[in-house]
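*Asks:* One structure, as structure tokens, below. Some questions next.
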Amino acid sequence: MNGLNEKQSEAVNFFKGKMLVLAGPGSGKTTVIIHRVKTLLEKYKVNEKNILVITFTKAAADEMKNRFQKIYGANKVLFATFHSFFFRIIRHVYNISVENIFAETEKKNLIKQIIKNNFDFNSDEDFLKDILNEIGIVKNELLDINFYNSKSCASNDFKKIFLIYEGYKKKHKKIDFDDMLSLCHKILTKNKSALEFYKSKYKFILIDEFQDINRAQYECIKLLTTENLFVVGDDDQSIYKFRGARPEFLLDFKKDFGDAKIIILDKNYRSSEKIILFCNKVIAQNKNRYQKKTSGRGLIGIEPKILKFDDINDEAKKIAAMIKKNNLEQANDTAIIFRTNIQAQAFIINFMNLNIDYKLKDEVSNLYDNWVSQDILAYIKFCLDQSDIKSLGQIINRPKRFISKEMFIRASKKSLGDKKNILKNLFEDRKIPLWRRAPIEELLFHVKKIFGLSCYDCVKYIRKIIGYDNFIREFCDARKIKSRWLFEILDEVQESAKNFSDKSEFVLYAENFSINMKSSNENPGVTLTTMHSAKGLEFDTVYLISAIEGLVPHEKSVTDQELEEELRLFYVGLTRAKNNLFISIIKSRYESEAKVSRFLKPFLK
């Protein structure tokens, strides 16, 4: 308690009423919550059973509980996540148990199966993730599915997926994690006795990371709050709009709770003064925020550095070399932070080449497992081995060449018999009309052509000359699904091909990518993380990469609100650094000129 600063002490000693504590990066918010609970118990003699502390993750709740019990001892203060606390309420009202909870892996697999059974398109990881996020948004925002416009696919298709999924859960008496929020809200609005029971039981409610709260959670808290509500958060770190979180819940706190007091924790104990000053200037570009200025602990430190590179591969190669030369002994306290997890690929390649240990904070999906990546690899494998029937079968009609299954089987059998090239067998099959043989002759030419190309030029040729990109456009248009993420994967595959002079080496690397990723993830080393997953972490040295338009801010963010969130996300990434902050920009991305991020432009000399 003696180590608390003036603002922290004021928050800790607050007794009754509503309080909003604006706690910036490294300001000691967890310490404030822990000591406030201790003060309620010791100074104000509040019954421990009347105190509820809510945070967003089980890990955060457990850590806070353990830290509190170290300074106070065993007690009956409830430290819980929103989901675990709301599930208590649901179990109190309904005959439901843990067995009724639909696990996230089950949910993902079911949605994947629903898409497969009802639609003529592949549910790749990015599309599946978008659908799952949107199902969560409908629940977390308490929306009516009949009036929801999907951003992932045609709204009618999304509604069909949603209703089939809901029907399955109802039939099997299951609820998922999002249902815990919407169902709890329903109970608190419809069941007065349940509401009164919990309002009288938990007279002091404390909430951590309040900027992450969504509509369903916020409305439930408004219903449960009687007199005493203590929330800690930072509107500048509200970055989970895709889960329903919005800074408005913090910004409107005084309007919804008129007698609320606001305290700003403006001392950053994490970063050096120069990093703090730079971050303050960055976030000040946002206008829809609480105006606050943070200072540090007195350590001046080193000025943040802006690094310039040619492209993604040059960036990854040279930063990996910098880490190898200067930071290897501090690898565990170094992070590479990026906007999208696909950007990790180039660093994984270069870290493997230089024997730099690394760990992945996010579940990085295997770039080469995606069906479009597999198509590109099939083209390459067939050009290397023209007896590879499996690879040819995969790409024979991508783009469309009107080769039927019967034609292909006939040519395959003949090829096995006389070891002739299956593609030549197709071309020489007189049962196939002449007009259908023309595309085969063209493919024969293409296969011969790409055999002599470099790995990078080979991928480029498949996409542009053979026409694979046009195939993807037509495929997505016909199914009314977004093509953006498929082209991003293709672009990344093409970029990664630059690292290999030999096509066989590239194929071998792609096929073993999952194994390499898994083995390296078990070791300590440099952290590779997205900006979203970096929140709550801190490192001595941070490299925030590719601060360019299209990534920072992301190209899909166009509205004022979306752009403000992108700036907050950039700010979160920057504020992870304690002593060394590097921000990199590249001249080109995927063969197009790259423009410096609008967020960084004011700081370039």
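In the structure tokens, the first chain shown is A, the next is B, and so on; residue numbers restart at 1 for each chain, and ligands run from 1 in the order shown.
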Fewer than 5 positions away in the same chain doesn't count, so skip those; otherwise give me all residues within 10 Å of Lys460 in chain A, counting only C-alpha atoms, as a PyMOL selection string.

*Replies:* chain A and resi 376+450+453-455+465-466+468-469+490-491+493-495+497

*Asks:* Just write the chosen residues, N, CA and C atoms, as a compact mmCIF listing (two decimals), in the first residue's frame.

*Replies:*
# COMPACT_ATOMS: atom_id res chain seq x y z
N ILE A 376 -1.73 -24.50 -55.89
CA ILE A 376 -0.46 -23.98 -56.43
C ILE A 376 0.64 -25.04 -56.30
N ILE A 450 6.66 -23.68 -67.06
CA ILE A 450 6.92 -23.39 -65.64
C ILE A 450 8.04 -24.27 -65.08
N LEU A 453 11.08 -22.16 -64.91
CA LEU A 453 11.02 -20.87 -64.20
C LEU A 453 11.53 -20.99 -62.77
N SER A 454 11.94 -19.86 -62.21
CA SER A 454 12.29 -19.82 -60.79
C SER A 454 11.04 -20.09 -59.97
N CYS A 455 11.23 -20.40 -58.69
CA CYS A 455 10.10 -20.73 -57.82
C CYS A 455 9.08 -19.58 -57.77
N ILE A 465 -0.82 -16.18 -65.89
CA ILE A 465 -0.83 -16.67 -67.26
C ILE A 465 -1.75 -17.88 -67.43
N ILE A 466 -1.60 -18.85 -66.54
CA ILE A 466 -2.50 -20.01 -66.60
C ILE A 466 -3.92 -19.60 -66.24
N TYR A 468 -5.15 -18.87 -62.80
CA TYR A 468 -5.69 -19.33 -61.52
C TYR A 468 -6.40 -18.21 -60.77
N ASP A 469 -5.89 -16.99 -60.85
CA ASP A 469 -6.55 -15.85 -60.18
C ASP A 469 -7.97 -15.64 -60.72
N LEU A 490 -2.79 -16.40 -51.48
CA LEU A 490 -2.03 -16.58 -52.72
C LEU A 490 -0.85 -15.61 -52.78
N ASP A 491 -1.09 -14.37 -52.36
CA ASP A 491 0.00 -13.38 -52.35
C ASP A 491 1.12 -13.81 -51.41
N VAL A 493 1.83 -16.92 -50.41
CA VAL A 493 2.51 -18.08 -50.99
C VAL A 493 3.53 -17.61 -52.03
N GLN A 494 3.11 -16.65 -52.85
CA GLN A 494 4.00 -16.12 -53.88
C GLN A 494 5.22 -15.43 -53.26
N GLU A 495 4.98 -14.65 -52.20
CA GLU A 495 6.09 -13.99 -51.52
C GLU A 495 7.04 -15.00 -50.89
N ALA A 497 7.69 -17.89 -51.82
CA ALA A 497 8.45 -18.59 -52.86
C ALA A 497 9.75 -17.88 -53.19

*Asks:* Within range 311-362 of chain A, find each residue whose DSSP state, derived from the backbone, is strand (DSSP E or B), and express the selection as a PyMOL selection string.

*Replies:* chain A and resi 334-338+358-360

*Asks:* Can you write just those residues out, N, CA, C and O atoms, as a short mmCIF file (atom, residue, chain, number, x, y, z; two decimals), in the first residue's frame?

*Replies:*
data_model
loop_
_atom_site.label_atom_id
_atom_site.label_comp_id
_atom_site.auth_asym_id
_atom_site.auth_seq_id
_atom_site.Cartn_x
_atom_site.Cartn_y
_atom_site.Cartn_z
N THR A 334 11.91 -10.36 -26.41
CA THR A 334 11.79 -9.67 -27.70
C THR A 334 10.54 -10.15 -28.41
O THR A 334 10.19 -11.33 -28.35
N ALA A 335 9.84 -9.23 -29.08
CA ALA A 335 8.62 -9.60 -29.80
C ALA A 335 8.59 -8.99 -31.19
O ALA A 335 9.04 -7.87 -31.41
N ILE A 336 8.06 -9.77 -32.13
CA ILE A 336 7.69 -9.28 -33.46
C ILE A 336 6.19 -9.15 -33.45
O ILE A 336 5.47 -10.13 -33.22
N ILE A 337 5.68 -7.94 -33.65
CA ILE A 337 4.23 -7.70 -33.58
C ILE A 337 3.73 -7.27 -34.95
O ILE A 337 4.31 -6.39 -35.60
N PHE A 338 2.64 -7.90 -35.40
CA PHE A 338 2.12 -7.63 -36.74
C PHE A 338 0.60 -7.53 -36.70
O PHE A 338 -0.05 -7.91 -35.72
N TYR A 358 11.76 -19.38 -31.59
CA TYR A 358 10.61 -18.47 -31.54
C TYR A 358 9.41 -19.20 -30.98
O TYR A 358 9.36 -20.43 -30.93
N LYS A 359 8.43 -18.42 -30.54
CA LYS A 359 7.17 -18.99 -30.06
C LYS A 359 6.02 -18.18 -30.64
O LYS A 359 6.11 -16.96 -30.76
N LEU A 360 4.96 -18.86 -30.97
CA LEU A 360 3.80 -18.23 -31.59
C LEU A 360 2.74 -17.97 -30.53
O LEU A 360 2.26 -18.90 -29.89
#

*Asks:* Assign secondary structure with DSSP using the backbone only, and return the residues of range 296-506 of chain A in alpha helix (DSSP H) as a ChimeraX atom specification.

*Replies:* /A:312-322,344-353,371-384,389-395,405-418,422-428,434-451,455-464,468-479,484-497,503-506

*Asks:* Using only C-alpha atoms, what does the table of range 66-112 of chain A residues within 12 Å of range 199-210 of chain A look like, with each row giving the shortest atom pair and its distance in Å to one decimal, sorted by chain and ascending number, as JSON lines?

*Replies:*
{"residue": "A:Lys76", "atom": "CA", "partner": "A:Tyr202", "partner_atom": "CA", "distance": 11.9}
{"residue": "A:Val77", "atom": "CA", "partner": "A:Tyr202", "partner_atom": "CA", "distance": 9.9}
{"residue": "A:Leu78", "atom": "CA", "partner": "A:Tyr202", "partner_atom": "CA", "distance": 9.3}
{"residue": "A:Phe79", "atom": "CA", "partner": "A:Leu206", "partner_atom": "CA", "distance": 9.5}
{"residue": "A:Ala80", "atom": "CA", "partner": "A:Ile207", "partner_atom": "CA", "distance": 9.8}
{"residue": "A:Thr81", "atom": "CA", "partner": "A:Ile207", "partner_atom": "CA", "distance": 9.5}
{"residue": "A:Phe82", "atom": "CA", "partner": "A:Ile207", "partner_atom": "CA", "distance": 9.4}
{"residue": "A:Phe85", "atom": "CA", "partner": "A:Tyr202", "partner_atom": "CA", "distance": 11.4}
{"residue": "A:Ile89", "atom": "CA", "partner": "A:Lys199", "partner_atom": "CA", "distance": 11.5}

*Asks:* I'd like the contact shell of Glu488 in chain A - 12 Å cut-off, only C-alpha atoms, skipping same-chain residues fewer than 4 positions apart - returned as a PDB file with N, CA, C and O atoms, in the first residue's frame.

*Replies:*
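Output file around.pdb follows:
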ATOM      1  N   ASP A 126     -10.002 -19.020 -42.621  1.00  0.00           N
ATOM      2  CA  ASP A 126     -10.342 -17.601 -42.503  1.00  0.00           C
ATOM      3  C   ASP A 126     -11.846 -17.377 -42.638  1.00  0.00           C
ATOM      4  O   ASP A 126     -12.437 -16.594 -41.895  1.00  0.00           O
ATOM      5  N   THR A 340      -1.734  -8.951 -39.024  1.00  0.00           N
ATOM      6  CA  THR A 340      -2.437 -10.201 -39.327  1.00  0.00           C
ATOM      7  C   THR A 340      -1.481 -11.377 -39.171  1.00  0.00           C
ATOM      8  O   THR A 340      -0.287 -11.261 -39.484  1.00  0.00           O
ATOM      9  N   ASN A 341      -1.991 -12.505 -38.709  1.00  0.00           N
ATOM     10  CA  ASN A 341      -1.087 -13.614 -38.386  1.00  0.00           C
ATOM     11  C   ASN A 341      -0.421 -14.229 -39.611  1.00  0.00           C
ATOM     12  O   ASN A 341       0.577 -14.930 -39.485  1.00  0.00           O
ATOM     13  N   ILE A 342      -0.932 -13.945 -40.799  1.00  0.00           N
ATOM     14  CA  ILE A 342      -0.286 -14.455 -42.009  1.00  0.00           C
ATOM     15  C   ILE A 342       1.106 -13.841 -42.190  1.00  0.00           C
ATOM     16  O   ILE A 342       1.976 -14.401 -42.854  1.00  0.00           O
ATOM     17  N   GLN A 343       1.325 -12.674 -41.566  1.00  0.00           N
ATOM     18  CA  GLN A 343       2.627 -12.007 -41.671  1.00  0.00           C
ATOM     19  C   GLN A 343       3.735 -12.751 -40.928  1.00  0.00           C
ATOM     20  O   GLN A 343       4.916 -12.473 -41.136  1.00  0.00           O
ATOM     21  N   LEU A 367      -0.406 -21.826 -43.624  1.00  0.00           N
ATOM     22  CA  LEU A 367      -0.645 -21.192 -44.921  1.00  0.00           C
ATOM     23  C   LEU A 367      -0.793 -22.220 -46.030  1.00  0.00           C
ATOM     24  O   LEU A 367      -1.617 -22.074 -46.938  1.00  0.00           O
ATOM     25  N   ASN A 370      -4.224 -24.502 -46.778  1.00  0.00           N
ATOM     26  CA  ASN A 370      -5.390 -23.963 -47.466  1.00  0.00           C
ATOM     27  C   ASN A 370      -5.502 -24.556 -48.862  1.00  0.00           C
ATOM     28  O   ASN A 370      -4.500 -24.812 -49.527  1.00  0.00           O
ATOM     29  N   VAL A 372      -6.282 -23.299 -51.730  1.00  0.00           N
ATOM     30  CA  VAL A 372      -5.681 -22.560 -52.843  1.00  0.00           C
ATOM     31  C   VAL A 372      -4.164 -22.753 -52.852  1.00  0.00           C
ATOM     32  O   VAL A 372      -3.543 -22.855 -53.926  1.00  0.00           O
ATOM     33  N   SER A 373      -3.562 -22.825 -51.663  1.00  0.00           N
ATOM     34  CA  SER A 373      -2.124 -23.107 -51.581  1.00  0.00           C
ATOM     35  C   SER A 373      -1.834 -24.503 -52.121  1.00  0.00           C
ATOM     36  O   SER A 373      -0.853 -24.717 -52.849  1.00  0.00           O
ATOM     37  N   ASP A 469      -5.887 -16.988 -60.851  1.00  0.00           N
ATOM     38  CA  ASP A 469      -6.550 -15.855 -60.182  1.00  0.00           C
ATOM     39  C   ASP A 469      -7.966 -15.642 -60.718  1.00  0.00           C
ATOM     40  O   ASP A 469      -8.903 -15.383 -59.948  1.00  0.00           O
ATOM     41  N   ILE A 472     -10.320 -18.151 -59.250  1.00  0.00           N
ATOM     42  CA  ILE A 472     -10.744 -17.810 -57.886  1.00  0.00           C
ATOM     43  C   ILE A 472     -11.833 -16.740 -57.903  1.00  0.00           C
ATOM     44  O   ILE A 472     -12.821 -16.821 -57.163  1.00  0.00           O
ATOM     45  N   LYS A 482     -16.615 -13.799 -50.162  1.00  0.00           N
ATOM     46  CA  LYS A 482     -15.535 -12.834 -50.320  1.00  0.00           C
ATOM     47  C   LYS A 482     -14.260 -13.540 -50.805  1.00  0.00           C
ATOM     48  O   LYS A 482     -13.921 -14.632 -50.350  1.00  0.00           O
ATOM     49  N   SER A 483     -13.572 -12.897 -51.723  1.00  0.00           N
ATOM     50  CA  SER A 483     -12.342 -13.481 -52.271  1.00  0.00           C
ATOM     51  C   SER A 483     -11.086 -12.905 -51.612  1.00  0.00           C
ATOM     52  O   SER A 483      -9.983 -13.411 -51.834  1.00  0.00           O
ATOM     53  N   ARG A 484     -11.252 -11.871 -50.793  1.00  0.00           N
ATOM     54  CA  ARG A 484     -10.110 -11.138 -50.249  1.00  0.00           C
ATOM     55  C   ARG A 484      -9.103 -12.046 -49.555  1.00  0.00           C
ATOM     56  O   ARG A 484      -7.900 -11.971 -49.807  1.00  0.00           O
ATOM     57  N   GLU A 492       0.733 -14.363 -50.258  1.00  0.00           N
ATOM     58  CA  GLU A 492       1.733 -14.774 -49.280  1.00  0.00           C
ATOM     59  C   GLU A 492       2.518 -15.997 -49.758  1.00  0.00           C
ATOM     60  O   GLU A 492       3.727 -16.100 -49.544  1.00  0.00           O
ATOM     61  N   VAL A 493       1.829 -16.921 -50.413  1.00  0.00           N
ATOM     62  CA  VAL A 493       2.514 -18.082 -50.993  1.00  0.00           C
ATOM     63  C   VAL A 493       3.530 -17.609 -52.030  1.00  0.00           C
ATOM     64  O   VAL A 493       4.679 -18.083 -52.080  1.00  0.00           O
ATOM     65  N   GLN A 494       3.112 -16.649 -52.851  1.00  0.00           N
ATOM     66  CA  GLN A 494       4.005 -16.117 -53.885  1.00  0.00           C
ATOM     67  C   GLN A 494       5.218 -15.434 -53.255  1.00  0.00           C
ATOM     68  O   GLN A 494       6.351 -15.618 -53.714  1.00  0.00           O
ATOM     69  N   GLU A 495       4.980 -14.654 -52.199  1.00  0.00           N
ATOM     70  CA  GLU A 495       6.090 -13.986 -51.523  1.00  0.00           C
ATOM     71  C   GLU A 495       7.043 -14.997 -50.885  1.00  0.00           C
ATOM     72  O   GLU A 495       8.265 -14.844 -50.956  1.00  0.00           O
ATOM     73  N   GLY A 550      -3.149  -0.444 -45.716  1.00  0.00           N
ATOM     74  CA  GLY A 550      -3.625  -1.772 -46.090  1.00  0.00           C
ATOM     75  C   GLY A 550      -3.429  -2.773 -44.970  1.00  0.00           C
ATOM     76  O   GLY A 550      -4.169  -3.742 -44.861  1.00  0.00           O
ATOM     77  N   LEU A 551      -2.426  -2.491 -44.129  1.00  0.00           N
ATOM     78  CA  LEU A 551      -2.208  -3.315 -42.933  1.00  0.00           C
ATOM     79  C   LEU A 551      -2.426  -2.503 -41.674  1.00  0.00           C
ATOM     80  O   LEU A 551      -3.086  -2.950 -40.735  1.00  0.00           O
ATOM     81  N   GLU A 555      -6.964  -2.819 -44.636  1.00  0.00           N
ATOM     82  CA  GLU A 555      -7.742  -2.372 -45.789  1.00  0.00           C
ATOM     83  C   GLU A 555      -9.253  -2.511 -45.609  1.00  0.00           C
ATOM     84  O   GLU A 555     -10.040  -1.785 -46.230  1.00  0.00           O
ATOM     85  N   ARG A 589       4.645  -4.180 -51.420  1.00  0.00           N
ATOM     86  CA  ARG A 589       3.995  -5.370 -50.881  1.00  0.00           C
ATOM     87  C   ARG A 589       3.247  -6.063 -52.014  1.00  0.00           C
ATOM     88  O   ARG A 589       2.412  -5.451 -52.682  1.00  0.00           O
ATOM     89  N   TYR A 590       3.572  -7.319 -52.223  1.00  0.00           N
ATOM     90  CA  TYR A 590       2.952  -8.103 -53.294  1.00  0.00           C
ATOM     91  C   TYR A 590       3.045  -7.387 -54.646  1.00  0.00           C
ATOM     92  O   TYR A 590       2.061  -7.220 -55.368  1.00  0.00           O
TER      93      TYR A 590
END

*Asks:* Have a look at A:Phe158, A:Phe87, A:Phe309, A:Phe539 and name the one nearest to Arg270 in chain A; count only C-alpha atoms.

*Replies:* A:Phe539

*Asks:* Which of these residues is nearest to Pro247 in chain A, using only C-alpha atoms: A:Asn149, A:Glu219, A:Asn214, A:Ser588?

*Replies:* A:Asn214

*Asks:* Could you check the closest approach to Phe249 in chain A for each of A:Tyr218, A:Tyr148, A:Phe102, A:Phe177 and tell me which residue wins, using only C-alpha atoms?

*Replies:*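 Closest to Phe249 in chain A, using only C-alpha atoms: A:Tyr218.
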
*Asks:* Provide the CA of Ser295 in chain A to CA of Asn268 in chain A distance in Å, to one decimal place.

*Replies:*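 Pair CA of Ser295 in chain A / CA of Asn268 in chain A returns 6.0 Å.
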
*Asks:* List the spatial neighbours of Ile306 in chain A as a VMD selection string - criterion: any atom at most 6 Å away, only C-alpha atoms, same-chain residues fewer than 4 positions off excluded.

*Replies:* chain A and resid 582 to 584

*Asks:* Take the residues just selected and output them with N, CA, C and O atoms as a PDB file, in the first residue's frame.

*Replies:*
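File result_1.pdb, as written:
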ATOM      1  N   PHE A 582      11.120  -0.572 -32.322  1.00  0.00           N
ATOM      2  CA  PHE A 582      11.427  -0.431 -33.743  1.00  0.00           C
ATOM      3  C   PHE A 582      10.132  -0.568 -34.533  1.00  0.00           C
ATOM      4  O   PHE A 582       9.355  -1.500 -34.310  1.00  0.00           O
ATOM      5  N   ILE A 583       9.906   0.367 -35.457  1.00  0.00           N
ATOM      6  CA  ILE A 583       8.737   0.305 -36.336  1.00  0.00           C
ATOM      7  C   ILE A 583       9.253   0.229 -37.760  1.00  0.00           C
ATOM      8  O   ILE A 583      10.059   1.069 -38.176  1.00  0.00           O
ATOM      9  N   SER A 584       8.823  -0.781 -38.488  1.00  0.00           N
ATOM     10  CA  SER A 584       9.361  -0.953 -39.841  1.00  0.00           C
ATOM     11  C   SER A 584       8.322  -0.610 -40.901  1.00  0.00           C
ATOM     12  O   SER A 584       7.117  -0.807 -40.707  1.00  0.00           O
TER      13      SER A 584
END

*Asks:* Between A:Val53, A:Leu224, A:Leu434, A:Val21, which one has atoms that come closest to Thr189 in chain A, using only C-alpha atoms?

*Replies:*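 Closest residue, counting only C-alpha atoms: A:Leu224.
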
*Asks:* Counting only C-alpha atoms, which residue out of A:Asn332, A:Gln69, A:Ser504, A:Asn353 sits closest to Lys381 in chain A?

*Replies:*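 Closest residue, counting only C-alpha atoms: A:Ser504.
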
*Asks:* May I have the residues within 8 Å of Leu567 in chain A as a list in words, using only C-alpha atoms and disregarding those fewer than 3 positions away in the same chain?

*Replies:* Val282, Ile283, Asn286, Val552, Pro553, Leu563, Glu564, Phe570, Tyr571 and Phe599 of chain A

*Asks:* Using only C-alpha atoms for the distances, tell me which of A:Ile161, A:Val232, A:Glu441, A:Gly573 is nearest to Phe427 in chain A.

*Replies:*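 With only C-alpha atoms as the atom set, the closest residue is A:Glu441.
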
*Asks:* Which residues are close to Lys400 in chain A, i.e. within 12 Å by only C-alpha atoms, leaving aside same-chain residues fewer than 2 positions away? Reply as a ChimeraX atom specification.

*Replies:* /A:394-398,402-404,436,439-440,443,466-468,470-472,474-475

*Asks:* Near Arg289 in chain A, within 9 Å and counting only C-alpha atoms, which residues show up once chain neighbours fewer than 6 positions away are dropped, as a list in words?

*Replies:*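 Here the answer would be Asp235, Asp236, Pro247 and Leu251 of chain A.
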